[in-house]
Amino acid sequence: MIDDNTANKSQFALVVLSEANVYFTGAMSPCPGDTFYLLTDQPNIVGRKEDVTTICIKDGMVARQHCRIDWCSKTSTFELMDIGARNPTAVNDKTLKNNESVSIRPGDTIRCGRTVFRLHHFLASGQRSLNATNVTETNVANLKADQC
């Protein structure tokens with residue numbers, strides 16, 4: 001379990017595992033290894049519209065506002081809620097219903113459209129916690145170089 005004190009001294013991030021094949025001309029899609037840090041003091045909105053999201057994903061299958069991720073100090077986890085996307089959000093391959101909310105923890109995978117993320121926990125030292133990932137920096141760098 002992660003308490004609020006630890007959460008404030010460390011960082012949580014969504015790291016892209018697979019990229020989208022984008023329909024937007026000239027827009028950059030997320031590449032494997034790209035990192036989006038989560039806020040613990042305000043909502044994190046994932047979507048494709050820059051002016052209304054904190055995590056903007058250029059993926060034609062992602063809604064303007066696709067899902068919302070909030071830190072819950074009572075449970076010491078992040079809560080993810082699908083906010084009405086036509087292409088629903090999935091957590092660990094479980095498709096969420098409209099407005100359904102689930103707890104997410106380091107190591108969980110999240111799919112928005114064609115983009116797949118893994119939630120990571122970075123310790124204050126900058127190191128990933130042991131349970132956060134099976135993807136190494138070398139593998140991510142190779143994926144990024146090969147696929148983007």
# chains A, B, ... in the order shown; residues from 1 in each chain; ligands from 1
>>> residues_around(residues="Ile110 in chain A", least_positions_apart="2", cutoff="8 Å", atoms="only C-alpha atoms", output="list in words")
Thr89, Ala90, Val91, Asn92, Asp93, Asp108, Cys112, Val116, Phe117, Arg118 and Leu119 of chain A
>>> atom_distance(atom1="CA of Phe36 in chain A", atom2="CA of Gly107 in chain A")
14.8 Å
>>> residues_around(residues="range 77-79 of chain A", least_positions_apart="6", cutoff="8 Å", atoms="only C-alpha atoms", output="list in words")
Ile2, Ile69, Asp70, Trp71, Ser101, Val102, Ser103, Ile104 and Arg105 of chain A
>>> write_last_selection(atoms="C-alpha atoms", output="PDB file, in the first residue's frame")
ATOM      1  CA  ILE A   2       1.171   3.507  -0.836  1.00  0.00           C
ATOM      2  CA  ILE A  69      -7.740   9.296 -13.314  1.00  0.00           C
ATOM      3  CA  ASP A  70      -7.896  10.579  -9.717  1.00  0.00           C
ATOM      4  CA  TRP A  71      -5.703   9.878  -6.677  1.00  0.00           C
ATOM      5  CA  SER A 101     -14.729   3.377 -12.114  1.00  0.00           C
ATOM      6  CA  VAL A 102     -11.960   0.956 -11.066  1.00  0.00           C
ATOM      7  CA  SER A 103      -8.852   1.166  -8.897  1.00  0.00           C
ATOM      8  CA  ILE A 104      -5.567   0.983 -10.788  1.00  0.00           C
ATOM      9  CA  ARG A 105      -2.181   0.077  -9.370  1.00  0.00           C
TER      10      ARG A 105
END
>>> residues_around(residues="Arg68 in chain A", least_positions_apart="6", cutoff="7 Å", atoms="only C-alpha atoms", output="ChimeraX atom specification")
/A:43-46,80-83
>>> residues_around(residues="Asn87 in chain A", least_positions_apart="4", cutoff="7 Å", atoms="only C-alpha atoms", output="ChimeraX atom specification")
/A:61-62,113
>>> select_by_dssp(residues="range 5-125 of chain A", states="alpha helix (DSSP H)", output="list in words")
Asn5, Thr6, Ala7, Asn8 and Lys9 of chain A
>>> write_last_selection(atoms="all heavy atoms", output="tab-separated table (two decimals), in the first residue's frame")
chain	number	residue	atom	x	y	z
A	5	ASN	N	2.03	10.29	2.00
A	5	ASN	CA	3.37	10.83	2.14
A	5	ASN	C	4.29	10.26	1.05
A	5	ASN	O	5.05	10.98	0.42
A	5	ASN	CB	3.92	10.53	3.54
A	5	ASN	CG	5.20	11.29	3.83
A	5	ASN	OD1	5.37	12.42	3.37
A	5	ASN	ND2	6.08	10.67	4.58
A	6	THR	N	4.20	8.94	0.83
A	6	THR	CA	5.00	8.30	-0.22
A	6	THR	C	4.56	8.80	-1.59
A	6	THR	O	5.38	9.07	-2.46
A	6	THR	CB	4.87	6.77	-0.15
A	6	THR	OG1	5.28	6.35	1.14
A	6	THR	CG2	5.71	6.09	-1.21
A	7	ALA	N	3.26	8.93	-1.79
A	7	ALA	CA	2.74	9.40	-3.08
A	7	ALA	C	3.25	10.79	-3.40
A	7	ALA	O	3.58	11.09	-4.55
A	7	ALA	CB	1.21	9.39	-3.07
A	8	ASN	N	3.34	11.65	-2.41
A	8	ASN	CA	3.81	13.01	-2.63
A	8	ASN	C	5.31	13.07	-2.90
A	8	ASN	O	5.80	14.02	-3.49
A	8	ASN	CB	3.44	13.90	-1.45
A	8	ASN	CG	1.96	14.13	-1.36
A	8	ASN	OD1	1.26	14.09	-2.36
A	8	ASN	ND2	1.47	14.33	-0.15
A	9	LYS	N	6.08	12.08	-2.43
A	9	LYS	CA	7.53	12.07	-2.62
A	9	LYS	C	7.94	11.27	-3.85
A	9	LYS	O	9.11	11.20	-4.18
A	9	LYS	CB	8.21	11.49	-1.39
A	9	LYS	CG	8.12	12.38	-0.17
A	9	LYS	CD	8.83	11.76	0.99
A	9	LYS	CE	8.72	12.65	2.22
A	9	LYS	NZ	9.35	12.03	3.37
>>> atom_distance(atom1="CA of Arg48 in chain A", atom2="CA of Cys72 in chain A")
24.5 Å
>>> atom_distance(atom1="CA of Leu96 in chain A", atom2="CA of Lys58 in chain A")
21.0 Å
>>> closest_residue(among="A:Ala63, A:Cys31, A:Leu123, A:Ile55", to="Gln11 in chain A", atoms="only C-alpha atoms")
A:Leu123
>>> select_by_dssp(residues="range 21-85 of chain A", states="strand (DSSP E or B)", output="list in words")
Thr35, Phe36, Tyr37, Asn44, Ile45, Val46, Gly47, Ile55, Cys56, Cys67, Arg68, Ile69, Asp70, Trp71, Cys72, Thr77, Phe78, Glu79, Leu80, Met81 and Asp82 of chain A
>>> closest_residue(among="A:Tyr37, A:Thr75, A:Thr95, A:Pro106", to="Cys56 in chain A", atoms="only C-alpha atoms")
A:Tyr37
